[in-house]
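S.K.: Structure incoming, see below.
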Amino acid sequence: MATQTTASCTGSTLLQPISEIINLPVDQVNFVACQVFALLMAVWFRIYLHPSKTSPFIRHVVATLLGFYLALFCFGWYSLHFLVQSGLSYGVMVFAGLEHMHKYCFVVTLGYLIVCQITRVYVFDYGMYSADFTGPMMVITQKITSMAFEIHDGLAKREEQLSTSQKYLAIRRMPSLLEYLSYNCNFMGILAGPTCSYNDYMGFIEGTCYERRHLENANGKENGKYKQSEPSPKNDVISKLCTCAISLGVYLSLCKLIPVERSIEDDFVASTPFYLQVIYLYVAMLALRPKYYFVWTLADAINNAAGFGFNGYNKDGSPRWDLISNLRILDIEFATSFKLFLDNWNIQTSLWLKRVCYERCRINPTAATFLLSAMWHGVYPGYYLTFLTGIAMTMAARAIRHNIRPYFMVSDTYRGIYDVITWVGTQVAISYTVVPFVVLAVGPSLKFYRSWYFCLHILCLLMVFALPVKHRRPQAKDQQDGLLKDSRHEKQADHNRSHSTTDNNCNQKDKTT
């Protein structure tokens with residue numbers, strides 16, 4: 001297996017002997033080896049290049065050079081695409097007008113990613129589902145487009161047009177080329193992310209992230225005594241590395257024993273009762289998820305080891321290192337709704353989709369967000385089938401929650417029954433939805449759905465058309481109009497309110513956001 005994949009590996013073949021011994025593709029071995037190296041460099045970076053010992057310039061330079069080295073080792077000359085994509089987008093930021101810069105940058109960055117994905121899939125190797133150079137480009141795309149919108153918010157919009165989160169994320173000056181490259185290509189996130197806001201990254205580089213989080217989380221008593229000491233990420237890093245080890249062991253043990261592809265084989269469908277097919281599909285998806293748990297948790301641990309990811313303190317005074325965490329495993333496995341599952345899976349990508357698309361799209365933001373997610377993931381047809389199904393699932397879940405959930409909220413017993421039923425329904429719906437995402441091609445995807453008689457598609461459509469749902473417009477979609485409408489509403493609700501009505505209204509809107 002490892003020998004067969006050598007030709008498709010564009011990076012270093014130094015670890016080829018190890019690849020043959022453990023029978024894994026050499027590009028995957030390179031990826032894990034580089035992440036382990038990045039973890040060691042992160043510890044060194046935090047201790048010896050601490051903001052109190054060196055300048056932000058040195059930290060930017062070292063983080064960027066190490067990132068380029070890891071990219072070159074894993075992907076060879078294909079890593080030049082990272083520089084080309086970043087360079088084109090930076091040129092748009094500098095030379096395009098602020099009014100439309102974010103739109104042009106979005107089109108250029110996402111367009112370049114899609115072109116690279118098309119060439120990799122349809123020109124070089126269709127179906128290669130391994131480490132490839134478009135993976136890091138997906139994270140870089142998130143960072144560039146987020147930065148473009150944040151620059152637009154900070155330099156082209158008035159303060160009252162921004163929500164609370166947009167005010168925090170807004171970039172007030174154009175980043176230098178070094179800062180831009182360091183943000184996009186630093187060694188902590190070049191291979192697996194996760195994405196983060198530019199302001200949070202600059203706070204980490206300059207050493208101000210702890211102060212900001214202290215101030216945001218301090219309540220005068222609870223956190224005040226922690227203000228003078230810098231929190232250590234050691235315990236969280238060790239905990240996340242243990243999670244990585246368990247996830248990797250589970251995945252390597254079960255992935256070949258319970259393949260998802262087995263659920264669409266003719267003999268399996270013909271000889272297995274339907275309820276056992278449902279159970280098998282759930283268990284197969286359960287065995288597949290630890291691969292993502294391993295990759296994202298390791299990436300989070302690397303950032304934490306470097307000192308990035310501090311998010312204030314818990315109520316007991318222990319530090320939180322989940323600022324850029326990408327998943328919450330227990331919340332995923334015990335999710336009782338489609339939304340809860342998605343909210344805890346690939347968290348930073350969900351935030352990116354929300355900030356860039358959902359809050360800004362004026363027409364059907366839910367469908368637009370799923371479409372953008374499919375385009376960002378790649379050009380395999382299975383991605384689009386998954387996200388089109390996801391739209392129907394999301395709308396049906398909203399209808400069920402809006403119309404049926406209130407009847408179960410009358411007692412704890414009924415709530416427990418509702419939670420059990422919705423947990424089972426959520427796990428089955430997720431497993432059903434993501435089959436095309438795993439098998440990639442149209443034929444096997446439709447074959448699977450036909451074997452299930454498209455039952456969940458039909459059920460979702462019936463729920464959407466039969467159950468009324470109150471449509472809610474995203475509050476941040478049109479903030480300026482929203483402020484005016486809220487002001488009029490406040491005036492009509494209470495004619496005796498004092499001259500501070502406008503300020504109170506803005507504060508109320510910020511809290512709601």
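Residues in the structure tokens are numbered from 1 in each chain, the chains being A, B, ... in the order shown, and ligands are numbered from 1 in the order shown.
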Need the shell around range 389-399 of chain A: protein/DNA/RNA residues with any atom at most 7 Å away, counting only C-alpha atoms. Skip same-chain ones fewer than 6 positions apart. Format as an MDAnalysis selection string?

M.R.: chainID A and resid 338 367 370 433 460:461 463:464 467:469

S.K.: With C-alpha atoms retained, could you export that selection as an mmCIF file, in the first residue's frame?

M.R.:
```
data_model
loop_
_atom_site.group_PDB
_atom_site.id
_atom_site.type_symbol
_atom_site.label_atom_id
_atom_site.label_comp_id
_atom_site.auth_asym_id
_atom_site.auth_seq_id
_atom_site.Cartn_x
_atom_site.Cartn_y
_atom_site.Cartn_z
ATOM 1 C CA PHE A 338 -28.464 18.531 13.854
ATOM 2 C CA ALA A 367 -28.619 27.634 1.573
ATOM 3 C CA PHE A 370 -24.137 25.209 2.807
ATOM 4 C CA THR A 433 -26.215 12.753 5.362
ATOM 5 C CA CYS A 460 -37.539 16.039 5.789
ATOM 6 C CA LEU A 461 -39.580 17.477 2.953
ATOM 7 C CA MET A 463 -41.716 18.024 7.880
ATOM 8 C CA VAL A 464 -40.747 21.280 6.163
ATOM 9 C CA LEU A 467 -44.955 22.062 10.037
ATOM 10 C CA PRO A 468 -44.980 25.872 10.129
ATOM 11 C CA VAL A 469 -41.717 27.603 10.984
#
```

S.K.: Near Phe454 in chain A, counting only C-alpha atoms, which residues have an atom at most 12 Å away, once you skip same-chain residues fewer than 4 positions from it, shown as an mmCIF file with C-alpha atoms, in the first residue's frame?

M.R.:
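Heads up, here's the output in selection02.cif:
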```cif
data_model
loop_
_atom_site.group_PDB
_atom_site.id
_atom_site.type_symbol
_atom_site.label_atom_id
_atom_site.label_comp_id
_atom_site.auth_asym_id
_atom_site.auth_seq_id
_atom_site.Cartn_x
_atom_site.Cartn_y
_atom_site.Cartn_z
ATOM 1 C CA THR A 389 -29.069 17.006 2.047
ATOM 2 C CA ALA A 429 -29.540 11.749 10.255
ATOM 3 C CA TYR A 432 -27.235 9.260 6.455
ATOM 4 C CA THR A 433 -26.215 12.753 5.362
ATOM 5 C CA SER A 445 -23.961 7.931 -3.133
ATOM 6 C CA LEU A 446 -27.212 7.526 -5.064
ATOM 7 C CA LYS A 447 -26.940 3.759 -4.720
ATOM 8 C CA PHE A 448 -26.869 4.133 -0.951
ATOM 9 C CA TYR A 449 -29.807 6.534 -0.887
ATOM 10 C CA ARG A 450 -31.802 4.217 -3.164
ATOM 11 C CA ILE A 458 -38.825 12.404 1.930
ATOM 12 C CA LEU A 459 -39.385 12.709 5.670
ATOM 13 C CA CYS A 460 -37.539 16.039 5.789
ATOM 14 C CA LEU A 461 -39.580 17.477 2.953
#
```

S.K.: Show me, as number ranges by chain, the residues that have an atom within 10 Å of range 88-91 of chain A when counting only C-alpha atoms, minus same-chain residues fewer than 6 positions from it.

M.R.: A: 101-102, 104-110, 112, 141, 144-145, 148, 175-177, 180-181

S.K.: Measuring between only C-alpha atoms, which one of A:Leu83, A:Ile238, A:Ile18, A:Cys361 shows the shortest distance to Ala305 in chain A?

M.R.: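 The closest residue to Ala305 in chain A is A:Ile238.
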
S.K.: Within 6 Å of Asn346 in chain A, counting only C-alpha atoms, which residues show up once you throw out same-chain ones fewer than 2 positions away? Write them as a PyMOL selection string, please.

M.R.: chain A and resi 326-327+348-349

S.K.: Ranking A:Ile171, A:Leu323, A:Leu462, A:Val278 by minimum distance to Lys157 in chain A and counting only C-alpha atoms, which one comes first?

M.R.: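 Checking each candidate against Lys157 in chain A, we get A:Ile171 as the closest.
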
S.K.: Assign secondary structure with DSSP using the backbone only, and return the residues of range 233-464 of chain A in helix (DSSP H, G or I) as a PyMOL selection string.

M.R.: chain A and resi 234-254+260-264+266-271+274-305+329-333+338-344+347-358+365-377+381-403+405-408+412-439+442-451+455-464

S.K.: Just the residues within 9 Å of Asn199 in chain A, please, counting only C-alpha atoms, with nothing from its chain fewer than 4 positions along; format it as a list in words.

M.R.: Tyr168, Leu169, Ala170, Ile171, Gly203 and Phe204 of chain A

S.K.: Write out as a PyMOL selection string the residues lying within 12 Å of Asp300 in chain A, counting only C-alpha atoms and excluding same-chain residues fewer than 3 positions away.

M.R.: chain A and resi 35+38-39+42+188-189+191-196+233+236-241+243-244+293-297+303-310+321-328+346-348

S.K.: Which one of A:Phe149, A:Trp423, A:Tyr78, A:Tyr383 sits closest to Phe437 in chain A if you count only C-alpha atoms?

M.R.: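 Closest to Phe437 in chain A, using only C-alpha atoms: A:Tyr383.
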
S.K.: Which value, in Å to one decimal, gives the distance between CA of Val61 in chain A and CA of Val94 in chain A?

M.R.: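 For CA of Val61 in chain A relative to CA of Val94 in chain A, the distance reads 21.2 Å.
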
S.K.: Can you tell me how far CA of Trp376 in chain A sits from CA of Thr134 in chain A, in Å to one decimal?

M.R.: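 One can read the CA of Trp376 in chain A to CA of Thr134 in chain A distance as 10.3 Å.
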